[in-house]
Amino acid sequence: MFDTVCVIGGATLGAAEELSFGYHKIVINWFGGWHHGQPDKADGFCYLNDCVLGIRKLRDHFDRVLYIDIDLHHGNGVESAFYESTKVLTYSVHKYEAGFYPGSGDLADIGRGRGRGYSVNIPLRDGASDETLNTVVESTLDSVVDRFKTGCYSVSVWSRRSGRGPSSVVQLHTRGAGEGGEEGGGLQETPPATGGGGYNHPNVARTWTLITASLLDLDLSERDIPEHEHLLEYGPGFEMSVSPSNKTRSE
């Protein structure tokens, strides 16, 4: 377990450093995104919080960091780590209902003390569609970026049942450098991205592939899954994208 934790945390720290020094334009740790971990205990199956480690590494080079978390569960560990900070703004879109883990991330949770207003939570009900997710992000994220005037941002994307990532988050990098504030020195072209996992392994693979392709300006959404030893797990359609879950509400 200790070796695994070191690999996950080290990979996110390395990704943040590689991006900060400009060694690479795109850095991804798909095995990262363990955003529930607390400073004194494991939480939500997260034995560390590589997102917090990565953000702190980015803060060595950028005055402000915007953390974007698109996940079924609220990124409570990251939010609590910076809940009173004005240097890190956490933006989270997640499911929020009574009795659903971790029970945080209400719309009214906006930070505390000097950090009041630096936590943005957008709770969704069960069954929200991909279209709803994209609409929510597209209608709010630009304003957050413009008002916070960050110099750097970090993204954690959980693999949803649909097998598609939120395109508005993935396409954020296309706005390029230069949109940051006077202190940040410009928005870096692409964020360090972490995976956050998922419950359906084929859909996790689909999502990570599509997001990686999008960061490389490639569109694989209409492609079929190539033949390999696990091909049957991608049936019956064997397509890169899949239909939304039957839990999605009609809108």
# chains A, B, ... in the order shown; residues from 1 in each chain; ligands from 1
call {"tool": "select_by_dssp", "arguments": {"residues": "region 16-82 of chain A", "states": "strand (DSSP E or B)", "output": "count of residues only"}}
result
12
call {"tool": "atom_distance", "arguments": {"atom1": "CA of Val78 (chain A)", "atom2": "CA of Ile28 (chain A)"}}
result
18.1 Å
call {"tool": "closest_atom_pairs", "arguments": {"of": "region 125-158 of chain A", "to": "region 39-51 of chain A", "cutoff": "9 Å", "atoms": "only C-alpha atoms", "output": "JSON lines"}}
result
{"residue": "A:Ser154", "atom": "CA", "partner": "A:Cys51", "partner_atom": "CA", "distance": 8.3}
{"residue": "A:Val155", "atom": "CA", "partner": "A:Cys51", "partner_atom": "CA", "distance": 8.9}
{"residue": "A:Ser156", "atom": "CA", "partner": "A:Cys51", "partner_atom": "CA", "distance": 7.9}
call {"tool": "atom_distance", "arguments": {"atom1": "CA of Ala205 (chain A)", "atom2": "CA of Leu141 (chain A)"}}
result
25.8 Å
call {"tool": "closest_residue", "arguments": {"among": "A:Val93, A:Gly196, A:Arg59, A:Arg223", "to": "His35 (chain A)", "atoms": "only C-alpha atoms"}}
result
A:Gly196
